[in-house]
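query_6.cif, holding mmCIF, C-alpha atoms and all ligand atoms:
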data_run
#
loop_
_atom_site.label_atom_id
_atom_site.label_comp_id
_atom_site.auth_asym_id
_atom_site.auth_seq_id
_atom_site.Cartn_x
_atom_site.Cartn_y
_atom_site.Cartn_z
CA MET V 1 0.00 0.00 0.00
CA THR V 2 1.32 3.45 -0.82
CA THR V 3 0.79 7.09 0.09
CA LYS V 4 1.99 10.00 -2.06
CA ARG V 5 4.84 12.14 -0.77
CA VAL V 6 6.53 15.07 -2.45
CA ASP V 7 10.02 14.30 -3.60
CA GLY V 8 12.35 16.94 -2.11
CA ARG V 9 14.41 17.32 -5.27
CA SER V 10 12.03 16.97 -8.19
CA GLY V 11 8.87 18.28 -6.52
CA ARG V 12 7.05 15.31 -8.06
CA PRO V 13 4.95 13.07 -5.85
CA SER V 14 6.76 9.84 -5.16
CA PRO V 15 5.10 6.78 -3.71
CA VAL V 16 6.06 5.78 -0.18
CA ARG V 17 5.23 2.20 0.56
CA ARG V 18 3.93 1.49 4.02
CA ILE V 19 3.85 -1.84 5.79
CA ARG V 20 1.39 -0.86 8.50
CA PRO V 21 -1.82 -1.21 6.35
CA TRP V 22 -0.81 -4.76 5.46
CA ARG V 23 -0.16 -5.58 9.09
CA ARG V 24 -3.55 -4.17 10.10
CA LEU V 25 -5.15 -6.29 7.40
CA ALA V 26 -3.39 -9.39 8.75
CA GLU V 27 -4.44 -8.52 12.30
CA LEU V 28 -8.08 -7.95 11.31
CA ALA V 29 -8.09 -11.25 9.42
CA GLN V 30 -6.67 -12.96 12.48
CA ALA V 31 -9.33 -11.36 14.73
CA ALA V 32 -12.11 -12.42 12.33
CA LEU V 33 -10.73 -15.97 12.23
CA ALA V 34 -10.40 -16.23 16.02
CA LEU V 35 -13.92 -14.88 16.58
CA GLY V 36 -15.51 -16.86 13.77
CA LEU V 37 -13.85 -20.25 14.15
CA PRO V 38 -15.94 -21.42 17.16
CA PHE V 39 -19.13 -20.65 15.16
CA LEU V 40 -17.95 -22.54 12.10
CA ARG V 41 -19.33 -26.07 12.11
CA VAL V 42 -17.80 -28.98 10.23
CA ASN V 43 -19.64 -32.33 10.24
CA GLY V 44 -22.03 -30.95 12.86
CA GLU V 45 -19.31 -29.92 15.32
CA SER V 46 -17.25 -26.80 16.01
CA ALA V 47 -14.33 -26.43 13.60
CA LEU V 48 -11.98 -26.23 16.59
CA ARG V 49 -13.00 -26.90 20.19
CA PHE V 50 -11.97 -29.04 23.13
CA ASP V 51 -15.31 -30.12 24.52
CA LEU V 52 -15.00 -30.11 28.30
CA GLY V 53 -18.18 -32.15 28.79
CA SER V 54 -17.04 -35.16 26.74
CA LEU V 55 -13.25 -34.51 26.91
CA ARG V 56 -13.00 -34.64 23.11
CA LEU V 57 -11.11 -32.40 20.76
CA HIS V 58 -12.94 -31.38 17.59
CA VAL V 59 -10.64 -30.33 14.75
CA LEU V 60 -12.03 -29.54 11.31
CA GLY V 61 -14.54 -32.38 11.31
CA ALA V 62 -12.35 -34.95 13.08
CA THR V 63 -12.86 -35.91 16.73
CA VAL V 64 -9.96 -36.89 18.94
CA TRP V 65 -10.85 -38.74 22.13
CA MET V 66 -9.05 -38.09 25.40
CA ASP V 67 -7.23 -41.43 25.22
CA GLU V 68 -6.06 -40.61 21.68
CA LEU V 69 -4.20 -37.50 22.68
CA PHE V 70 -1.00 -38.99 21.28
CA VAL V 71 -2.33 -37.66 17.94
CA VAL V 72 -2.49 -34.18 19.45
CA LEU V 73 0.94 -34.72 21.00
CA ALA V 74 2.43 -35.61 17.59
CA ALA V 75 0.69 -32.62 15.97
CA THR V 76 1.98 -30.35 18.77
CA LEU V 77 5.49 -31.64 18.18
CA PHE V 78 5.13 -30.82 14.48
CA LEU V 79 3.83 -27.31 15.21
CA ALA V 80 6.60 -26.68 17.75
CA PHE V 81 9.36 -27.69 15.32
CA ALA V 82 7.73 -25.73 12.48
CA PHE V 83 7.47 -22.69 14.75
CA LEU V 84 11.14 -22.97 15.74
CA LEU V 85 12.12 -23.37 12.09
CA VAL V 86 10.19 -20.22 11.13
CA THR V 87 11.88 -18.38 14.01
CA VAL V 88 15.37 -19.47 12.98
CA LEU V 89 14.73 -18.40 9.38
CA PHE V 90 12.44 -15.40 9.76
CA GLY V 91 13.17 -14.10 13.28
CA ARG V 92 10.30 -12.31 14.97
CA ILE V 93 7.97 -12.43 11.98
CA TRP V 94 5.42 -14.09 14.28
CA CYS V 95 5.60 -11.19 16.76
CA GLY V 96 5.07 -8.56 14.10
CA TRP V 97 2.42 -10.26 12.00
CA ALA V 98 0.63 -13.07 13.79
CA CYS V 99 0.94 -12.81 17.58
CA PRO V 100 -2.48 -12.25 19.21
CA GLN V 101 -0.87 -9.97 21.81
CA THR V 102 0.55 -7.71 19.09
CA ALA V 103 -2.74 -7.78 17.17
CA LEU V 104 -4.78 -6.83 20.24
CA VAL V 105 -2.36 -4.08 21.24
CA ASP V 106 -2.33 -2.66 17.69
CA LEU V 107 -6.11 -2.86 17.34
CA THR V 108 -6.46 -0.93 20.60
CA GLY V 109 -3.88 1.66 19.51
CA PHE V 110 -6.58 4.32 20.03
CA LEU V 111 -5.66 4.21 23.74
CA THR V 112 -2.26 5.80 23.04
CA ARG V 113 -3.93 8.67 21.17
CA ALA V 114 -6.61 9.03 23.86
CA ARG V 115 -3.90 9.24 26.54
CA LYS V 116 -2.35 12.20 24.75
CA ARG V 117 -5.70 14.00 24.49
CA GLY V 118 -7.06 13.01 27.93
CA GLY V 119 -10.56 13.97 29.10
CA TRP V 120 -13.63 11.98 28.09
CA ARG V 121 -11.70 10.34 25.25
CA LEU V 122 -9.52 8.50 27.74
CA GLY V 123 -12.56 7.25 29.67
CA ALA V 124 -14.20 6.13 26.41
CA ALA V 125 -11.01 4.34 25.36
CA TYR V 126 -10.86 2.42 28.66
CA LEU V 127 -14.55 1.52 28.31
CA ALA V 128 -13.97 0.26 24.75
CA ILE V 129 -11.02 -1.82 25.96
CA ALA V 130 -13.12 -3.25 28.81
CA LEU V 131 -15.85 -4.29 26.35
CA GLY V 132 -13.25 -5.67 23.92
CA SER V 133 -11.60 -7.64 26.75
CA ALA V 134 -14.98 -9.14 27.70
CA LEU V 135 -15.54 -10.16 24.07
CA VAL V 136 -12.07 -11.71 23.67
CA ALA V 137 -12.42 -13.51 27.03
CA ALA V 138 -15.79 -14.92 25.93
CA ASN V 139 -14.22 -15.90 22.61
CA LEU V 140 -11.54 -17.87 24.49
CA THR V 141 -14.17 -19.83 26.42
CA TRP V 142 -15.92 -20.70 23.11
CA TYR V 143 -12.98 -22.96 22.33
CA PHE V 144 -14.14 -25.11 25.27
CA VAL V 145 -17.88 -24.46 25.58
CA PRO V 146 -20.13 -24.25 22.48
CA PRO V 147 -20.73 -20.55 21.73
CA ALA V 148 -24.48 -21.12 21.30
CA GLU V 149 -24.59 -22.65 24.79
CA PHE V 150 -22.61 -19.71 26.18
CA LEU V 151 -24.87 -17.12 24.54
CA ARG V 152 -28.00 -18.97 25.65
CA GLY V 153 -26.67 -19.07 29.21
CA LEU V 154 -25.86 -15.37 29.02
CA ALA V 155 -29.33 -14.47 27.72
CA THR V 156 -31.08 -16.53 30.40
CA ARG V 157 -28.59 -15.62 33.14
CA SER V 158 -27.77 -19.26 33.67
CA LEU V 159 -24.08 -19.36 32.75
CA GLY V 160 -23.19 -20.90 36.09
CA PRO V 161 -20.57 -19.75 38.60
CA THR V 162 -17.62 -21.66 37.07
CA LEU V 163 -18.01 -20.39 33.52
CA SER V 164 -18.92 -16.88 34.69
CA GLY V 165 -15.88 -16.86 37.01
CA ILE V 166 -13.49 -18.01 34.28
CA TRP V 167 -14.93 -15.46 31.85
CA PHE V 168 -14.64 -12.65 34.39
CA ALA V 169 -11.06 -13.60 35.40
CA LEU V 170 -9.94 -13.79 31.75
CA ALA V 171 -11.57 -10.44 30.99
CA VAL V 172 -9.83 -8.78 33.97
CA VAL V 173 -6.40 -10.16 32.94
CA LEU V 174 -6.96 -9.05 29.34
CA PHE V 175 -8.09 -5.60 30.44
CA ALA V 176 -4.99 -5.18 32.64
CA ASP V 177 -2.84 -6.34 29.73
CA LEU V 178 -4.39 -4.08 27.09
CA ALA V 179 -4.99 -1.04 29.26
CA PHE V 180 -1.68 -0.95 31.14
CA TRP V 181 0.84 -3.61 30.19
CA ARG V 182 0.62 -3.53 26.38
CA GLN V 183 4.04 -3.81 24.67
CA GLY V 184 5.63 -4.09 28.12
CA PHE V 185 4.55 -7.73 28.05
CA CYS V 186 6.57 -8.36 24.86
CA ALA V 187 9.63 -6.51 26.10
CA SER V 188 9.78 -7.96 29.61
CA THR V 189 7.67 -11.09 30.04
CA CYS V 190 6.89 -13.03 26.86
CA PRO V 191 8.74 -16.39 27.05
CA TYR V 192 8.92 -16.61 23.26
CA ALA V 193 10.76 -13.28 23.16
CA LYS V 194 13.25 -14.68 25.67
CA LEU V 195 13.70 -17.80 23.53
CA GLN V 196 14.64 -15.63 20.58
CA GLY V 197 18.00 -14.86 22.15
CA ALA V 198 18.94 -18.53 21.87
CA LEU V 199 17.40 -19.09 18.42
CA LEU V 200 18.31 -16.05 16.37
CA ASP V 201 21.65 -16.06 14.65
CA ARG V 202 23.21 -13.41 12.43
CA HIS V 203 21.43 -14.73 9.31
CA ALA V 204 17.80 -14.57 10.52
CA LEU V 205 15.32 -12.09 9.03
CA VAL V 206 15.17 -8.98 11.24
CA VAL V 207 14.20 -5.32 11.06
CA ALA V 208 17.62 -3.70 10.61
CA TYR V 209 19.20 -0.30 10.19
CA ASP V 210 21.66 -0.18 7.30
CA VAL V 211 24.84 1.10 8.99
CA ARG V 212 26.56 1.33 5.61
CA ARG V 213 24.29 4.31 4.86
CA ASP V 214 24.79 6.03 8.19
CA GLN V 215 25.46 9.32 6.39
CA ASP V 216 21.84 9.26 5.05
CA CYS V 217 20.42 9.40 8.58
CA VAL V 218 19.48 12.98 9.55
CA ASP V 219 18.90 12.03 13.18
CA CYS V 220 15.27 13.15 13.01
CA LYS V 221 14.46 10.42 15.55
CA ALA V 222 11.16 9.62 13.80
CA CYS V 223 12.03 5.91 14.08
CA LEU V 224 12.65 6.29 17.80
CA ARG V 225 9.43 8.22 18.42
CA VAL V 226 7.20 5.56 16.84
CA CYS V 227 8.93 2.58 18.43
CA PRO V 228 6.39 1.09 20.85
CA VAL V 229 9.12 -0.42 23.04
CA GLY V 230 11.23 2.74 23.02
CA ILE V 231 14.41 1.40 21.46
CA ASP V 232 16.66 2.96 18.85
CA ILE V 233 17.00 0.55 15.95
CA ARG V 234 20.17 2.39 14.90
CA ASP V 235 21.91 0.78 17.88
CA GLY V 236 21.48 -2.62 16.23
CA LEU V 237 19.20 -5.59 16.89
CA GLN V 238 17.82 -5.64 20.43
CA SER V 239 15.86 -8.33 22.20
CA ALA V 240 13.00 -5.92 22.99
CA CYS V 241 12.32 -5.32 19.27
CA THR V 242 8.97 -6.90 18.34
CA GLY V 243 9.53 -6.55 14.60
CA CYS V 244 6.48 -4.26 14.34
CA THR V 245 8.06 -2.42 11.35
CA GLU V 246 6.85 0.99 12.59
CA CYS V 247 10.40 2.35 12.32
CA ILE V 248 10.56 1.25 8.66
CA ASP V 249 7.34 3.14 7.92
CA ALA V 250 8.59 6.19 9.86
CA CYS V 251 11.91 6.41 8.03
CA ARG V 252 10.64 5.85 4.49
CA PRO V 253 8.94 9.28 4.08
CA ILE V 254 12.08 10.95 5.50
CA MET V 255 14.23 9.28 2.88
CA ALA V 256 11.65 10.15 0.20
CA LYS V 257 11.64 13.82 1.27
CA LEU V 258 15.41 13.90 1.13
CA GLY V 259 15.39 12.19 -2.26
CA LYS V 260 17.49 9.34 -0.89
CA GLU V 261 17.20 5.66 -1.52
CA PRO V 262 14.39 4.19 0.60
CA ASP V 263 14.87 1.44 3.16
CA LEU V 264 17.52 2.89 5.41
CA ILE V 265 15.66 0.71 7.88
CA ARG V 266 14.26 -2.47 6.39
CA TYR V 267 13.76 -6.19 6.64
CA ALA V 268 17.10 -7.94 6.10
CA PHE V 269 18.50 -11.42 6.56
CA GLY V 270 21.15 -10.51 9.12
CA ALA V 271 23.02 -7.22 8.76
CA PRO V 272 22.09 -5.42 5.51
CA GLY V 273 24.60 -6.33 2.83
CA THR V 274 25.42 -9.81 4.15
CA PRO V 275 24.44 -12.68 1.83
CA ARG V 276 21.23 -14.58 2.55
CA ARG V 277 21.91 -18.02 4.01
CA LEU V 278 18.73 -20.00 4.51
CA LEU V 279 20.49 -23.37 4.66
CA ARG V 280 22.31 -23.40 7.96
CA PRO V 281 22.91 -26.26 10.44
CA ALA V 282 20.09 -25.09 12.73
CA SER V 283 17.57 -24.59 9.90
CA ILE V 284 18.48 -27.92 8.28
CA ALA V 285 18.18 -29.80 11.60
CA LEU V 286 14.84 -28.14 12.41
CA GLY V 287 13.62 -28.71 8.85
CA LEU V 288 14.33 -32.43 9.18
CA LEU V 289 12.68 -32.59 12.61
CA THR V 290 9.61 -30.76 11.25
CA VAL V 291 9.25 -33.19 8.36
CA ALA V 292 9.75 -36.18 10.71
CA ALA V 293 7.12 -34.83 13.15
CA LEU V 294 4.70 -34.26 10.24
CA GLY V 295 5.24 -37.87 9.12
CA LEU V 296 4.64 -39.10 12.67
CA THR V 297 1.43 -37.05 12.91
CA ALA V 298 0.16 -38.44 9.60
CA ALA V 299 1.04 -42.01 10.65
CA VAL V 300 -0.69 -41.89 14.04
CA ALA V 301 -3.72 -40.11 12.54
CA ALA V 302 -4.04 -42.80 9.84
CA ASP V 303 -3.78 -45.51 12.50
CA ARG V 304 -6.78 -44.22 14.47
CA GLN V 305 -9.68 -46.65 14.92
CA ALA V 306 -13.24 -45.39 14.52
CA LEU V 307 -14.40 -48.31 16.69
CA GLU V 308 -12.88 -49.09 20.07
CA VAL V 309 -13.62 -52.45 21.71
CA THR V 310 -12.12 -53.72 24.95
CA VAL V 311 -13.01 -56.95 26.71
CA SER V 312 -12.75 -57.51 30.45
CA GLY V 313 -14.08 -60.07 32.93
CA SER V 314 -17.03 -59.73 35.25
CA ASP V 315 -17.98 -60.78 38.80
CA PHE V 316 -20.21 -63.54 37.42
CA ALA V 317 -18.40 -66.83 38.12
CA PRO V 318 -18.13 -69.21 35.11
CA ARG V 319 -20.80 -71.93 35.18
CA ARG V 320 -21.40 -75.27 33.58
CA THR V 321 -24.80 -76.86 33.03
CA GLU V 322 -25.59 -80.54 33.23
CA ALA V 323 -25.93 -80.52 29.44
CA GLY V 324 -22.24 -79.50 29.25
CA GLU V 325 -22.80 -75.86 28.22
CA VAL V 326 -20.33 -73.40 29.72
CA TYR V 327 -21.35 -69.82 30.54
CA ASN V 328 -18.86 -66.97 30.99
CA ALA V 329 -19.93 -63.37 31.58
CA LEU V 330 -17.81 -60.65 29.98
CA THR V 331 -17.88 -56.87 30.03
CA LEU V 332 -17.51 -55.18 26.66
CA SER V 333 -16.49 -51.55 26.52
CA LEU V 334 -17.65 -50.23 23.12
CA GLU V 335 -17.01 -46.79 21.71
CA ASN V 336 -18.22 -45.44 18.37
CA ARG V 337 -15.69 -42.73 17.54
CA GLY V 338 -17.25 -42.03 14.18
CA ARG V 339 -19.88 -39.52 13.10
CA GLU V 340 -22.42 -42.15 11.93
CA PRO V 341 -24.60 -44.54 13.95
CA LEU V 342 -23.27 -48.07 14.01
CA VAL V 343 -24.77 -51.53 14.40
CA LEU V 344 -22.26 -54.09 15.62
CA ALA V 345 -22.80 -57.79 14.92
CA LEU V 346 -21.00 -59.69 17.68
CA SER V 347 -19.85 -63.26 17.25
CA VAL V 348 -17.19 -65.55 18.71
CA SER V 349 -15.29 -68.22 16.84
CA ALA V 350 -13.37 -71.07 18.42
CA ARG V 351 -9.64 -71.22 18.00
CA ALA V 352 -7.89 -74.59 18.01
CA ALA V 353 -10.90 -76.52 19.39
CA ARG V 354 -12.59 -78.67 16.79
CA GLY V 355 -16.28 -79.24 17.27
CA ALA V 356 -16.59 -76.44 19.86
CA ALA V 357 -19.19 -73.77 19.17
CA PHE V 358 -19.62 -70.41 20.80
CA GLU V 359 -22.53 -68.07 21.07
CA LEU V 360 -22.63 -64.51 22.35
CA ARG V 361 -25.74 -62.95 23.91
CA PRO V 362 -26.69 -60.36 22.79
CA SER V 363 -25.27 -60.78 19.31
CA ALA V 364 -25.89 -57.23 18.08
CA VAL V 365 -25.67 -53.79 19.58
CA ALA V 366 -26.43 -50.32 18.16
CA LEU V 367 -24.18 -47.39 18.98
CA ALA V 368 -25.02 -43.76 18.35
CA PRO V 369 -22.27 -41.48 16.96
CA GLY V 370 -19.76 -40.81 19.72
CA GLU V 371 -21.47 -43.25 22.12
CA HIS V 372 -19.47 -45.12 24.71
CA ARG V 373 -21.22 -48.09 26.28
CA ARG V 374 -20.27 -50.77 28.78
CA LEU V 375 -22.19 -53.93 28.08
CA ARG V 376 -22.37 -57.24 29.93
CA VAL V 377 -22.52 -60.16 27.49
CA MET V 378 -22.84 -63.86 28.03
CA LEU V 379 -20.45 -66.18 26.21
CA VAL V 380 -21.84 -69.68 25.82
CA GLY V 381 -19.60 -72.58 24.82
CA ARG V 382 -20.88 -75.94 23.56
CA GLY V 383 -19.28 -79.15 22.38
CA LEU V 384 -16.13 -78.43 24.32
CA PRO V 385 -13.32 -80.98 24.30
CA PRO V 386 -13.31 -83.03 27.52
CA GLY V 387 -10.80 -82.00 30.20
CA ALA V 388 -10.12 -78.52 28.79
CA ALA V 389 -9.75 -75.93 31.58
CA SER V 390 -9.89 -72.97 29.17
CA LEU V 391 -10.27 -72.40 25.48
CA PRO V 392 -8.98 -69.53 23.36
CA ALA V 393 -11.57 -67.79 21.21
CA ARG V 394 -11.87 -64.75 19.00
CA LEU V 395 -14.49 -62.06 19.34
CA VAL V 396 -15.51 -60.55 16.01
CA ALA V 397 -17.25 -57.16 16.10
CA ALA V 398 -18.48 -56.58 12.54
CA ALA V 399 -19.62 -52.99 11.97
CA SER V 400 -22.58 -52.12 9.72
CA SER V 401 -20.43 -49.42 8.13
CA GLY V 402 -16.68 -49.15 8.17
CA PRO V 403 -14.19 -51.74 9.34
CA GLY V 404 -14.90 -53.94 12.35
CA THR V 405 -12.41 -55.35 14.78
CA THR V 406 -11.43 -58.56 16.56
CA ARG V 407 -10.31 -59.28 20.10
CA GLU V 408 -8.78 -62.40 21.58
CA LEU V 409 -10.49 -63.83 24.66
CA THR V 410 -10.59 -66.99 26.75
CA LEU V 411 -13.51 -69.19 27.79
CA THR V 412 -12.98 -70.52 31.31
CA VAL V 413 -14.38 -74.02 31.89
CA PRO V 414 -15.31 -74.56 35.57
CA GLY V 415 -14.76 -77.91 37.22
CA ALA V 416 -12.37 -79.23 34.59
CA SER V 417 -9.46 -81.30 35.79
CA ARG V 418 -6.27 -79.22 35.68
S1 LIG E 501 13.83 7.88 10.95
FE1 LIG E 501 15.48 7.40 9.56
S2 LIG E 501 16.51 9.34 9.27
FE2 LIG E 501 15.25 9.60 11.09
S3 LIG E 501 16.61 9.02 12.78
FE3 LIG E 501 15.56 7.18 12.19
S4 LIG E 501 16.95 6.20 10.75
FE4 LIG E 501 17.61 8.35 10.90
S1 LIG E 502 12.84 -1.14 16.58
FE1 LIG E 502 11.36 -0.87 14.92
S2 LIG E 502 10.56 -2.92 14.53
FE2 LIG E 502 11.59 -2.98 16.51
S3 LIG E 502 9.97 -2.57 17.98
FE3 LIG E 502 10.91 -0.61 17.52
S4 LIG E 502 9.68 0.24 15.86
FE4 LIG E 502 9.17 -1.93 16.00
#
Do you think you could lay out the structure here as structure tokens?
Ligand code: SF4
Ligand code: SF4
Amino acid sequence: MTTKRVDGRSGRPSPVRRIRPWRRLAELAQAALALGLPFLRVNGESALRFDLGSLRLHVLGATVWMDELFVVLAATLFLAFAFLLVTVLFGRIWCGWACPQTALVDLTGFLTRARKRGGWRLGAAYLAIALGSALVAANLTWYFVPPAEFLRGLATRSLGPTLSGIWFALAVVLFADLAFWRQGFCASTCPYAKLQGALLDRHALVVAYDVRRDQDCVDCKACLRVCPVGIDIRDGLQSACTGCTECIDACRPIMAKLGKEPDLIRYAFGAPGTPRRLLRPASIALGLLTVAALGLTAAVAADRQALEVTVSGSDFAPRRTEAGEVYNALTLSLENRGREPLVLALSVSARAARGAAFELRPSAVALAPGEHRRLRVMLVGRGLPPGAASLPARLVAAASSGPGTTRELTLTVPGASR
């Protein structure tokens, strides 16, 4: 995006490119995404939400159960390595363009102007920040509680003390952050900012002052005045720099007015003038780790079962009838992790026991989408070989749609000679 400035030498308007409008656009897009994502539904569920009631994570139409969190762990590993890789290559690009803290501080930049003017404007700015904090705090809870449920509870004053308390506490912390702490958080507290010191080397992308053109600087201090963390970029890269690019935008019109080359301050891979080196030991190692973590995530996600069946015993002692039938009670734990209802046909086949026949009661069970059910079933064995104390068998759970599963189990024969 450009604004017209008068060239000091020719008197002709010359375009001065500004980064700030693009950053605002990115921040508004991020705000719209964060606010809208909980309302977006994929396959009947929130596009992204950890449901506290059922302890399930919904991600873009897929559901991850609590005991499948290894998938989330692998995905987190991938994101962490990718994030580190981006940091090693592109420095604090995250801070300047994608960090929610930066976005919120920038979008509430009216507070800085209101502070200068004072009066009712300052009160109105604090009120706007309080309302914005309440909205963002509510938005955060929508990643755990369905937004419709939250809004219904709000309208009927039935949110409950826990949710109301969490909402209120989050809103207070956000208000304190946006009204008073602001960029101070980035400069003094943010753990990611601290990590940068260890990750950034002299080839990473940074906002840099071109010392080779020191004679072009007229010491107007425009770059210093706009810096939200109060540093002088001319002193070199400093850990407090959030990469907000305000100093670039401030210096460009000065250079244009003077008829000098733009970009005395600019984005540069390392010190301006040094060659770009994307392939470095750290970036190669992190690149490989990112690819490996992505492969691991894909492998564990592909290995997920839509149907979970576990077999355990019960307190019903095995029995044998006079007719020679053996009864064992079992507890089946069945979980339909899919989005469709399921009818399971249950059967048991004998393994290594000729002539033996097994029957399971009941032999079919219906499961609603997402249903978890514990079911007591009776396993009946007939035609068992004489003298056998136990017989191995195989439970077959055939699903009406999608793949079924099998489980190994054992029929205990009471009263057999051991
Ligand atoms: S804005 Fe540009 S010209 Fe002015 S002090 Fe900063 S670097 Fe120098
Ligand atoms: S030095 Fe420049 S990029 Fe860094 S925080 Fe200050 S204004 Fe932003």
Spatial neighbours of Thr112 of chain V, max dist 12 Å, all atoms listed in the file, sep filter under 2 positions, as number ranges by chain | V: 105-110, 114-118, 121-122, 125-126, 129, 178-180, 182-183, 226, 228
Residues of the last selection are to be written out with C-alpha atoms, as a PDB file, in the frame of the given file.
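Below is the file that was written, result.pdb:
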ATOM      1  CA  VAL V 105      -2.360  -4.080  21.240  1.00  0.00           C
ATOM      2  CA  ASP V 106      -2.330  -2.660  17.690  1.00  0.00           C
ATOM      3  CA  LEU V 107      -6.110  -2.860  17.340  1.00  0.00           C
ATOM      4  CA  THR V 108      -6.460  -0.930  20.600  1.00  0.00           C
ATOM      5  CA  GLY V 109      -3.880   1.660  19.510  1.00  0.00           C
ATOM      6  CA  PHE V 110      -6.580   4.320  20.030  1.00  0.00           C
ATOM      7  CA  ALA V 114      -6.610   9.030  23.860  1.00  0.00           C
ATOM      8  CA  ARG V 115      -3.900   9.240  26.540  1.00  0.00           C
ATOM      9  CA  LYS V 116      -2.350  12.200  24.750  1.00  0.00           C
ATOM     10  CA  ARG V 117      -5.700  14.000  24.490  1.00  0.00           C
ATOM     11  CA  GLY V 118      -7.060  13.010  27.930  1.00  0.00           C
ATOM     12  CA  ARG V 121     -11.700  10.340  25.250  1.00  0.00           C
ATOM     13  CA  LEU V 122      -9.520   8.500  27.740  1.00  0.00           C
ATOM     14  CA  ALA V 125     -11.010   4.340  25.360  1.00  0.00           C
ATOM     15  CA  TYR V 126     -10.860   2.420  28.660  1.00  0.00           C
ATOM     16  CA  ILE V 129     -11.020  -1.820  25.960  1.00  0.00           C
ATOM     17  CA  LEU V 178      -4.390  -4.080  27.090  1.00  0.00           C
ATOM     18  CA  ALA V 179      -4.990  -1.040  29.260  1.00  0.00           C
ATOM     19  CA  PHE V 180      -1.680  -0.950  31.140  1.00  0.00           C
ATOM     20  CA  ARG V 182       0.620  -3.530  26.380  1.00  0.00           C
ATOM     21  CA  GLN V 183       4.040  -3.810  24.670  1.00  0.00           C
ATOM     22  CA  VAL V 226       7.200   5.560  16.840  1.00  0.00           C
ATOM     23  CA  PRO V 228       6.390   1.090  20.850  1.00  0.00           C
TER      24      PRO V 228
END
As a short mmCIF file (atom, residue, chain, number, x, y, z; two decimals) with C-alpha atoms, in the coordinates of the input, please: the residues near Arg351 of chain V (cut-off 8 Å, all atoms listed in the file, same-chain neighbours under 4 positions excluded).
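File produced: selection_23.cif:
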data_model
loop_
_atom_site.label_atom_id
_atom_site.label_comp_id
_atom_site.auth_asym_id
_atom_site.auth_seq_id
_atom_site.Cartn_x
_atom_site.Cartn_y
_atom_site.Cartn_z
CA LEU V 391 -10.27 -72.40 25.48
CA PRO V 392 -8.98 -69.53 23.36
CA ALA V 393 -11.57 -67.79 21.21
CA ARG V 394 -11.87 -64.75 19.00
#
Output the neighbourhood of ligand LIG 501 (chain E) as an NGL selection string, that is, all protein and nucleic acid residues with some atom at most 12 Å from the ligand, counting all atoms listed in the file.
-> :V and (207-227 or 231-236 or 245-266)
Pick the closest to Val413 of chain V from V:Arg337, V:Arg319, V:His372, V:Arg361: which is it, counting all atoms listed in the file?
->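 The answer is V:Arg319, which sits nearest to Val413 of chain V.
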Got a sec: who's within 10 Å of Pro147 of chain V, counting only C-alpha atoms, leaving out chain neighbours fewer than 6 positions off, as a PyMOL selection string?
-> chain V and resi 38-39+46+138-141+153
Compare V:Leu163, V:Ala306, V:Ile93, V:Leu379 by their minimum atom-to-atom distance to ligand LIG 502 (chain E), counting only C-alpha atoms and all ligand atoms, and give me the closest one.
->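 Smallest separation from ligand LIG 502 (chain E) among the options: V:Ile93.
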Give the centre and edge lengths of an axis-aligned box, in Å to one decimal, that holds all listed atoms of segment 172-181 of chain V with 5 Å on each side, as AutoDock Vina command-line options.
--center_x -4.5 --center_y -5.6 --center_z 30.5 --size_x 20.7 --size_y 19.2 --size_z 16.9
Which one is closest to Leu342 of chain V: V:Pro191, V:Gly370, V:Pro386, V:Gly44? Count all atoms listed in the file.
->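 Smallest distance to Leu342 of chain V is found for V:Gly370.
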Could you tell me which of V:Ala130, V:Trp94, V:Thr102, V:Gly243 comes closest to ligand LIG 502 (chain E) if we count only C-alpha atoms and all ligand atoms?
->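 For ligand LIG 502 (chain E), the nearest of the given residues is V:Gly243.
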Could you check which of V:Ser54, V:Asn43, V:Thr76, V:Ser401 is closest to Pro341 of chain V, using only C-alpha atoms?
->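 Going through V:Ser54, V:Asn43, V:Thr76, V:Ser401 one by one, the smallest distance to Pro341 of chain V is for V:Ser401.
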Nearest candidate to ligand LIG 502 (chain E) (options V:Ala124, V:Cys95, V:Ala32, V:Leu73; using all atoms listed in the file) |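 With all atoms listed in the file as the atom set, the closest residue is V:Cys95.
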Atomic separation - atom CA of Tyr267 of chain V relative to atom S4 of ligand LIG 502 (chain E), Å |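 These two atoms are separated by 12.0 Å.
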Point-to-point distance in Å for atom CA of Ala329 of chain V and atom CA of Arg382 of chain V |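 Computed distance, atom CA of Arg382 of chain V to atom CA of Ala329 of chain V, equals 14.9 Å.
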Test item: residues at most 12 Å from Trp181 of chain V, all atoms listed in the file, excluding those fewer than 5 positions along its chain, as a ChimeraX atom specification | /V:101-102,104-105,173-176,186-190,228-229
If you measure from atom CA of Gly381 of chain V to atom CA of Glu359 of chain V, what distance in Å do you get, rounded to one decimal?
->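 Distance reported for this atom pair: 6.6 Å.
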Residues within 7 Å of Leu286 of chain V, only C-alpha atoms, excluding chain neighbours under 4 positions, as a VMD selection string = chain V and resid 81 85 282 290
